[in-house]
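Data from run_9.txt: compact mmCIF, C-alpha atoms
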# COMPACT_ATOMS: atom_id res chain seq x y z
CA MET A 1 12.66 1.88 -20.83
CA SER A 2 12.70 3.14 -17.28
CA LYS A 3 15.52 3.58 -14.83
CA LEU A 4 15.04 3.31 -11.10
CA GLN A 5 16.56 5.88 -8.80
CA VAL A 6 16.60 5.59 -5.01
CA LYS A 7 15.97 8.41 -2.54
CA PRO A 8 17.29 7.03 0.75
CA GLU A 9 15.95 9.94 2.79
CA ASN A 10 12.37 8.82 2.15
CA HIS A 11 12.80 5.38 3.66
CA LYS A 12 11.44 5.21 7.19
CA ILE A 13 10.77 2.50 9.75
CA PHE A 14 8.32 2.90 12.62
CA VAL A 15 7.70 0.70 15.65
CA PHE A 16 4.54 0.85 17.75
CA HIS A 17 4.70 0.71 21.54
CA LYS A 18 2.54 -2.07 22.94
CA VAL A 19 -0.48 -1.08 25.03
CA PHE A 20 -1.34 -4.50 26.48
CA GLU A 21 1.17 -6.54 28.44
CA PHE A 22 1.78 -10.28 28.07
CA ALA A 23 -0.18 -11.29 31.18
CA SER A 24 -3.29 -9.40 30.09
CA ALA A 25 -3.13 -10.79 26.54
CA LYS A 26 -2.65 -14.34 27.81
CA GLN A 27 -5.66 -14.03 30.10
CA GLN A 28 -7.81 -13.00 27.14
CA ALA A 29 -6.44 -15.83 24.98
CA GLU A 30 -7.20 -18.43 27.65
CA LYS A 31 -10.84 -17.38 27.60
CA LYS A 32 -11.05 -18.04 23.86
CA LYS A 33 -8.73 -21.03 23.47
CA LEU A 34 -11.53 -23.49 22.71
CA ASN A 35 -12.40 -21.41 19.64
CA ALA A 36 -8.94 -21.81 18.11
CA PHE A 37 -9.87 -24.88 16.05
CA GLY A 38 -12.77 -23.57 13.98
CA LEU A 39 -16.55 -23.59 14.28
CA PHE A 40 -16.91 -27.22 13.24
CA ALA A 41 -14.82 -28.39 16.16
CA LYS A 42 -16.53 -26.04 18.56
CA PHE A 43 -20.05 -27.28 17.78
CA ASN A 44 -19.24 -30.93 17.05
CA PRO A 45 -21.42 -32.87 19.53
CA LEU A 46 -19.29 -36.00 19.28
CA LYS A 47 -15.84 -34.54 19.69
CA ARG A 48 -15.16 -31.02 20.82
CA PRO A 49 -12.23 -29.30 22.56
CA THR A 50 -12.38 -28.91 26.36
CA ASP A 51 -10.34 -27.04 28.94
CA GLU A 52 -8.67 -30.32 29.89
CA THR A 53 -7.69 -31.32 26.35
CA VAL A 54 -6.56 -27.89 25.06
CA LEU A 55 -3.23 -26.79 26.51
CA LEU A 56 -0.90 -23.91 25.74
CA LYS A 57 2.07 -25.04 23.66
CA ASN A 58 3.84 -21.80 22.65
CA GLN A 59 3.45 -18.10 23.18
CA VAL A 60 5.17 -15.13 21.55
CA LEU A 61 5.06 -11.38 21.17
CA ARG A 62 5.78 -10.72 17.52
CA TYR A 63 5.90 -7.56 15.42
CA GLU A 64 3.89 -7.66 12.19
CA PRO A 65 4.64 -5.38 9.21
CA PHE A 66 2.45 -3.08 7.19
CA TRP A 67 3.37 -0.43 4.63
CA PHE A 68 2.38 3.05 3.60
CA ILE A 69 3.32 4.16 0.11
CA SER A 70 2.79 7.51 -1.55
CA SER A 71 3.45 7.97 -5.25
CA ARG A 72 3.01 10.49 -8.02
CA ARG A 73 3.22 10.51 -11.80
CA ASN A 74 4.03 13.84 -13.48
CA LEU A 75 3.56 14.21 -17.22
CA ASP A 76 4.33 16.96 -19.72
CA TYR A 77 2.76 16.26 -23.09
CA THR A 78 1.22 17.80 -26.17
CA CYS A 79 -2.18 17.18 -27.67
CA ALA A 80 -3.23 18.09 -31.22
CA VAL A 81 -6.90 19.06 -31.19
CA THR A 82 -9.41 21.17 -33.06
CA TYR A 83 -11.02 24.09 -31.27
CA ALA A 84 -14.54 24.86 -32.43
CA ILE A 85 -14.91 28.62 -31.89
CA PRO A 86 -18.43 30.03 -32.14
CA VAL A 87 -19.02 32.97 -34.47
CA HIS A 88 -21.86 35.28 -33.47
CA ASN A 89 -21.88 37.78 -36.33
CA PRO A 90 -24.40 36.44 -38.89
CA HIS A 91 -22.66 38.28 -41.74
CA VAL A 92 -19.15 36.84 -41.27
CA THR A 93 -17.89 34.52 -44.01
CA ALA A 94 -14.31 34.03 -42.75
CA VAL A 95 -12.15 34.86 -39.77
CA GLU A 96 -8.53 35.95 -40.04
CA ILE A 97 -6.17 35.17 -37.14
CA LYS A 98 -2.89 37.01 -37.32
CA ASP A 99 0.51 35.36 -36.80
CA THR A 100 -0.67 31.89 -37.85
CA GLU A 101 0.20 29.78 -40.89
CA ALA A 102 -3.42 29.26 -41.82
CA SER A 103 -4.49 32.84 -41.20
CA VAL A 104 -7.99 32.65 -42.69
CA TYR A 105 -10.61 30.22 -41.42
CA PRO A 106 -13.88 29.77 -43.27
CA VAL A 107 -17.05 30.04 -41.22
CA ILE A 108 -19.05 26.83 -41.00
CA ARG A 109 -22.79 27.38 -40.63
CA GLN A 110 -25.38 24.88 -39.49
CA GLN A 111 -28.90 26.26 -39.28
CA ASP A 112 -28.70 29.27 -36.93
CA LYS A 113 -25.23 28.48 -35.54
CA ALA A 114 -21.80 29.30 -36.94
CA LYS A 115 -18.23 28.37 -36.01
CA ILE A 116 -14.65 28.14 -37.20
CA ASP A 117 -12.40 25.10 -36.63
CA VAL A 118 -8.88 25.96 -35.49
CA GLN A 119 -6.13 23.36 -35.31
CA VAL A 120 -4.04 23.84 -32.16
CA ILE A 121 -1.34 22.09 -30.16
CA GLU A 122 -2.12 22.04 -26.44
CA GLN A 123 0.83 22.12 -24.02
CA CYS A 124 -0.31 20.02 -21.07
CA HIS A 125 0.87 19.09 -17.59
CA ARG A 126 -0.83 16.46 -15.44
CA SER A 127 -0.06 15.06 -12.00
CA ILE A 128 -1.55 11.70 -10.94
CA GLU A 129 -1.28 10.75 -7.28
CA PHE A 130 -1.73 7.44 -5.50
CA SER A 131 -1.24 6.51 -1.84
CA GLN A 132 -2.28 3.46 0.11
CA TYR A 133 -1.55 1.16 3.04
CA PHE A 134 -0.62 -2.46 2.37
CA ASP A 135 -0.58 -5.35 4.81
CA GLY A 136 2.92 -6.80 4.79
CA LEU A 137 1.53 -10.32 5.19
CA LYS A 138 -0.80 -9.97 2.17
CA ARG A 139 -4.02 -10.30 4.13
CA ASP A 140 -7.22 -8.57 3.05
CA MET A 141 -7.34 -5.74 5.60
CA LYS A 142 -9.37 -2.54 5.58
CA GLN A 143 -7.40 0.65 4.93
CA SER A 144 -9.02 2.31 7.94
CA ILE A 145 -7.37 -0.19 10.31
CA TRP A 146 -3.87 1.04 9.50
CA SER A 147 -4.72 4.73 9.54
CA GLU A 148 -6.49 4.35 12.90
CA TYR A 149 -3.40 2.66 14.37
CA ILE A 150 -1.30 5.64 13.32
CA LYS A 151 -3.78 8.19 14.67
CA LYS A 152 -4.42 6.52 18.02
CA PHE A 153 -1.28 4.70 19.12
CA GLN A 154 2.23 5.81 19.93
CA HIS A 155 4.92 4.89 17.43
CA GLU A 156 8.44 6.14 16.80
CA ASP A 157 10.72 6.56 13.84
CA VAL A 158 13.71 4.24 14.32
CA GLN A 159 16.95 3.56 12.51
CA GLN A 160 16.92 -0.12 13.40
CA VAL A 161 14.59 -2.80 14.75
CA ASN A 162 16.39 -5.07 17.17
CA LEU A 163 13.31 -6.62 18.78
CA ASP A 164 12.72 -10.35 18.96
CA ASN A 165 10.29 -12.01 16.53
CA VAL A 166 10.06 -9.31 13.88
CA VAL A 167 8.02 -10.90 11.08
CA GLN A 168 9.38 -10.57 7.55
CA PRO A 169 7.00 -9.00 5.00
CA GLN A 170 5.58 -11.43 2.47
CA LEU A 171 4.84 -8.59 0.07
CA THR A 172 7.85 -8.47 -2.25
CA VAL A 173 9.60 -5.54 -3.89
CA ASP A 174 8.39 -6.53 -7.35
CA ALA A 175 4.80 -7.13 -6.23
CA LEU A 176 4.39 -3.78 -4.51
CA THR A 177 6.12 -1.88 -7.30
CA SER A 178 3.91 -3.55 -9.89
CA MET A 179 0.73 -2.65 -8.00
CA VAL A 180 1.75 0.97 -7.58
CA ARG A 181 2.85 1.38 -11.20
CA ALA A 182 -0.35 -0.23 -12.41
CA GLU A 183 -2.36 2.37 -10.50
CA LEU A 184 -0.30 5.23 -11.91
CA GLN A 185 -0.28 3.85 -15.45
CA ASN A 186 -3.98 2.96 -15.45
CA GLN A 187 -5.04 6.56 -16.09
CA VAL A 188 -5.83 7.36 -19.73
CA ILE A 189 -3.59 10.09 -21.16
CA ASN A 190 -4.95 11.61 -24.37
CA ALA A 191 -1.65 12.78 -25.77
CA THR A 192 -0.22 13.25 -29.23
CA SER A 193 3.28 13.04 -27.78
CA ILE A 194 4.66 12.69 -24.27
CA GLU A 195 7.67 14.88 -23.57
CA HIS A 196 8.32 13.98 -19.92
CA ASP A 197 6.85 11.16 -17.87
CA LEU A 198 8.18 10.81 -14.33
CA GLU A 199 6.94 8.32 -11.76
CA GLU A 200 8.03 9.03 -8.22
CA ILE A 201 7.43 6.95 -5.12
CA SER A 202 7.86 9.82 -2.72
CA ALA A 203 7.41 7.97 0.57
CA LEU A 204 7.53 4.40 1.73
CA TYR A 205 7.12 3.72 5.42
CA LEU A 206 7.43 0.35 7.08
CA TYR A 207 5.50 -0.09 10.33
CA PHE A 208 5.80 -2.89 12.88
CA ARG A 209 2.91 -3.43 15.30
CA PRO A 210 2.84 -5.77 18.34
CA VAL A 211 0.70 -8.90 18.21
CA TYR A 212 0.58 -11.66 20.81
CA ALA A 213 0.19 -15.20 19.49
CA PHE A 214 -0.74 -18.21 21.64
CA GLU A 215 -0.44 -21.66 20.13
CA TYR A 216 -2.68 -24.36 21.64
CA HIS A 217 -2.57 -28.12 21.25
CA TRP A 218 -5.83 -30.06 21.29
CA SER A 219 -4.56 -33.40 22.53
CA SER A 220 -7.57 -35.64 21.82
CA ALA A 221 -7.66 -34.54 18.17
CA ASP A 222 -3.92 -33.84 17.86
CA LYS A 223 -4.59 -30.43 16.29
CA ILE A 224 -2.94 -27.04 16.63
CA GLY A 225 -4.80 -23.76 16.88
CA VAL A 226 -3.69 -20.16 17.40
CA ILE A 227 -5.30 -17.29 19.24
CA GLU A 228 -3.98 -13.82 18.43
CA VAL A 229 -4.35 -10.74 20.62
CA ASP A 230 -3.64 -7.30 19.14
CA GLY A 231 -1.05 -5.62 21.35
CA LEU A 232 -2.56 -2.19 20.63
CA THR A 233 -6.33 -2.64 20.64
CA GLY A 234 -6.67 -5.91 22.57
CA GLU A 235 -8.77 -7.34 19.73
CA ILE A 236 -8.85 -11.16 19.66
CA ILE A 237 -8.52 -13.22 16.49
CA GLU A 238 -9.63 -16.79 17.13
CA ASN A 239 -8.48 -18.35 13.87
CA GLY A 240 -4.94 -17.02 14.07
CA HIS A 241 -1.64 -17.90 12.42
CA TRP A 242 1.82 -18.74 13.66
CA PHE A 243 4.25 -16.87 11.41
CA LYS A 244 7.71 -18.44 11.35
CA GLU A 245 9.54 -16.16 8.90
CA THR A 246 11.26 -13.62 11.14
CA PHE A 247 14.38 -11.51 10.75
CA GLU A 248 17.57 -12.97 12.12
CA GLY A 249 19.33 -10.26 14.06
CA THR A 250 18.74 -6.52 13.68
CA PHE A 251 16.89 -5.04 10.72
CA THR A 252 17.94 -1.48 9.89
CA ARG A 253 16.83 1.40 7.74
CA ASP A 254 20.07 0.91 5.77
CA ASN A 255 18.92 -2.63 4.98
CA LEU A 256 15.76 -1.17 3.48
CA VAL A 257 17.77 1.32 1.43
CA GLU A 258 20.09 -1.44 0.19
CA LEU A 259 17.18 -3.55 -0.94
CA SER A 260 15.84 -0.56 -2.84
CA ALA A 261 19.22 0.07 -4.43
CA GLU A 262 19.30 -3.49 -5.74
CA LEU A 263 16.05 -2.86 -7.55
CA ALA A 264 17.35 0.42 -8.94
CA SER A 265 19.79 -1.45 -11.19
CA THR A 266 16.99 -3.29 -12.98
CA VAL A 267 15.16 -2.14 -16.09
CA VAL A 268 11.43 -1.53 -15.81
CA PRO A 269 9.18 -1.59 -18.91
CA GLY A 270 7.57 1.73 -19.74
CA ALA A 271 7.08 4.11 -22.65
CA GLY A 272 10.03 6.34 -21.91
CA THR A 273 8.99 6.62 -18.29
CA VAL A 274 11.62 7.38 -15.69
CA LEU A 275 10.66 5.66 -12.47
CA LYS A 276 12.16 7.70 -9.69
CA ILE A 277 12.06 5.40 -6.72
CA ALA A 278 11.96 7.13 -3.41
CA SER A 279 11.69 3.79 -1.68
CA LYS A 280 10.91 0.12 -2.22
CA VAL A 281 9.63 -2.83 -0.30
CA ILE A 282 11.57 -5.65 1.26
CA SER A 283 11.95 -8.82 -0.77
I'd like the structure from this file rewritten - as structure tokens, please.
Amino acid sequence: MSKLQVKPENHKIFVFHKVFEFASAKQQAEKKKLNAFGLFAKFNPLKRPTDETVLLKNQVLRYEPFWFISSRRNLDYTCAVTYAIPVHNPHVTAVEIKDTEASVYPVIRQQDKAKIDVQVIEQCHRSIEFSQYFDGLKRDMKQSIWSEYIKKFQHEDVQQVNLDNVVQPQLTVDALTSMVRAELQNQVINATSIEHDLEEISALYLYFRPVYAFEYHWSSADKIGVIEVDGLTGEIIENGHWFKETFEGTFTRDNLVELSAELASTVVPGAGTVLKIASKVIS
């Protein structure tokens, strides 16, 4: 069974600085507000939203989470195998290897080829690495989106996030840990015996990026639609969401460490594997 150990120094929180201001984002949302209720409503000839019937109900600048996790599995193991060693001298009938229990090995000949079979124990070391970004709200997002944010836009390492409307991650501690361990454990290890098996999550970074959300009410149909505007790229999402689960008060790096420590006291299934947690995800 595995024990979880926490490395607090590898927990980090980053906050992106917004590029677009509220007024600019709102102007873009107003241009697209009639598209907030889906294609069917937009192209319905009998009843469609209009500028007069679609009015702004709520607006917010929120900070959405995504994660970066880097992990490694280090194994020391042995493997009992047979080495087939070619013999080139056509006159050899046996080969003697000094300092071995079975010192004489008969030569096996097949047509014009000859060999000896030697039983050996291989001492092996293998390192398996896995790293990936995860959307904190469990949406199907391309990996390149997150890496491009980090490359292009200013963000800072912070000890606490005391902004308004910081959205709580929906990706739980158990879910993320299970996904990462599955990736590390999914590799086939051809071993006779495993001497050391160490899984280490060496980095877990939590990022918060700014997103503007504008909630519109279509009065004649009594429907609600949301337009989102990315606070970094200005990209518009017409079929947006209004996330209500936000942190109450300040969220700190210590909070993240504490949540990881709670998980460290649990037992994780594994064939003698020590899971050395450098960091974990928020529940």
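The point (1.9, -10.1, 3.8) has these residues within 12 Å of it, counting only C-alpha atoms: A:Glu64, A:Pro65, A:Phe66, A:Trp67, A:Tyr133, A:Phe134, A:Asp135, A:Gly136, A:Leu137, A:Lys138, A:Arg139, A:Asp140, A:Met141, A:Val167, A:Gln168, A:Pro169, A:Gln170, A:Leu171, A:Thr172, A:Val173, A:Ala175, A:Leu176, A:Phe243, A:Glu245, A:Val281, A:Ile282, A:Ser283.
Between Pro8 (chain A) and the candidates A:Val120, A:Ala213, A:Leu204, A:Val226, the tightest atom-to-atom separation, counting only C-alpha atoms, involves A:Leu204.
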Provide the CA of Ile13 (chain A) to CA of Arg253 (chain A) distance in Å, to one decimal place.
6.5 Å
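Every protein or nucleic acid residue with an atom no more than 8 Å from region 146-159 of chain A, counting all atoms listed in the file and leaving out same-chain residues fewer than 3 positions away, appears here: A:Lys12, A:Ile13, A:Phe14, A:Val15, A:Phe16, A:His17, A:Phe66, A:Tyr133, A:Lys142, A:Gln143, A:Leu232, A:Thr252, A:Arg253, A:Asp254.
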Could I get the residues of region 50-101 of chain A with an atom no further than 10 Å from an atom of region 23-26 of chain A, each paired with its nearest atom pair and that distance in Å to one decimal, using only C-alpha atoms, sorted by chain and residue number, as CSV?
residue,atom,partner,partner_atom,distance
A:Leu56,CA,A:Lys26,CA,9.9
A:Gln59,CA,A:Lys26,CA,8.5
A:Leu61,CA,A:Ala25,CA,9.8
Nearby residues (only C-alpha atoms) at most 12 Å from Thr82 (chain A), same-chain spacing under 6 positions excluded, as a list of chain:residue names:
A:Lys115, A:Ile116, A:Asp117, A:Val118, A:Gln119, A:Val120, A:Ile121, A:Glu122
Write the residues of the selection above to a file with C-alpha atoms, as a PDB file, keeping the file's coordinate frame.
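The resulting file, part14.pdb, is reproduced below:
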ATOM      1  CA  LYS A 115     -18.230  28.370 -36.010  1.00  0.00           C
ATOM      2  CA  ILE A 116     -14.650  28.140 -37.200  1.00  0.00           C
ATOM      3  CA  ASP A 117     -12.400  25.100 -36.630  1.00  0.00           C
ATOM      4  CA  VAL A 118      -8.880  25.960 -35.490  1.00  0.00           C
ATOM      5  CA  GLN A 119      -6.130  23.360 -35.310  1.00  0.00           C
ATOM      6  CA  VAL A 120      -4.040  23.840 -32.160  1.00  0.00           C
ATOM      7  CA  ILE A 121      -1.340  22.090 -30.160  1.00  0.00           C
ATOM      8  CA  GLU A 122      -2.120  22.040 -26.440  1.00  0.00           C
TER       9      GLU A 122
END
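With distances restricted to all atoms listed in the file, A:Thr233 is the closest residue to Phe20 (chain A) from A:Ser219, A:Thr93, A:Thr233, A:Thr192.
Of note, CA of Met179 (chain A) and CA of Leu206 (chain A) are spaced 16.8 Å apart.
Rounded to one decimal, CA of Asp51 (chain A) and CA of Glu21 (chain A) lie 23.5 Å from each other.
Within 10 Å of the point (7.1, 14.2, -25.0) in file coordinates, and counting only C-alpha atoms, lie the residues Leu75, Asp76, Tyr77, Thr78, Ala191, Thr192, Ser193, Ile194, Glu195, His196, Asp197 and Gly272 of chain A.
Take the candidates A:Ala203, A:Ile128, A:Val92, A:Val229 and check each one against Gln187 (chain A) using all atoms listed in the file; the shortest distance goes to A:Ile128.
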Fewer than 4 positions away in the same chain doesn't count, so skip those; otherwise give me all residues within 12 Å of Asn239 (chain A), counting all atoms listed in the file, as a compact mmCIF listing (two decimals) with C-alpha atoms, in the frame of the given file.
# COMPACT_ATOMS: atom_id res chain seq x y z
CA ALA A 29 -6.44 -15.83 24.98
CA LYS A 32 -11.05 -18.04 23.86
CA LYS A 33 -8.73 -21.03 23.47
CA LEU A 34 -11.53 -23.49 22.71
CA ASN A 35 -12.40 -21.41 19.64
CA ALA A 36 -8.94 -21.81 18.11
CA PHE A 37 -9.87 -24.88 16.05
CA GLY A 38 -12.77 -23.57 13.98
CA LEU A 39 -16.55 -23.59 14.28
CA ALA A 213 0.19 -15.20 19.49
CA PHE A 214 -0.74 -18.21 21.64
CA GLU A 215 -0.44 -21.66 20.13
CA TYR A 216 -2.68 -24.36 21.64
CA ILE A 224 -2.94 -27.04 16.63
CA GLY A 225 -4.80 -23.76 16.88
CA VAL A 226 -3.69 -20.16 17.40
CA ILE A 227 -5.30 -17.29 19.24
CA GLU A 228 -3.98 -13.82 18.43
CA VAL A 229 -4.35 -10.74 20.62
For region 163-172 of chain A, what centre and edge lengths in Å (one decimal) does the axis-aligned box get once 3 Å is added on each side of all its listed atoms, as lines of an AutoDock Vina configuration file?
center_x = 9.1
center_y = -9.3
center_z = 8.4
size_x = 14.5
size_y = 11.4
size_z = 27.2
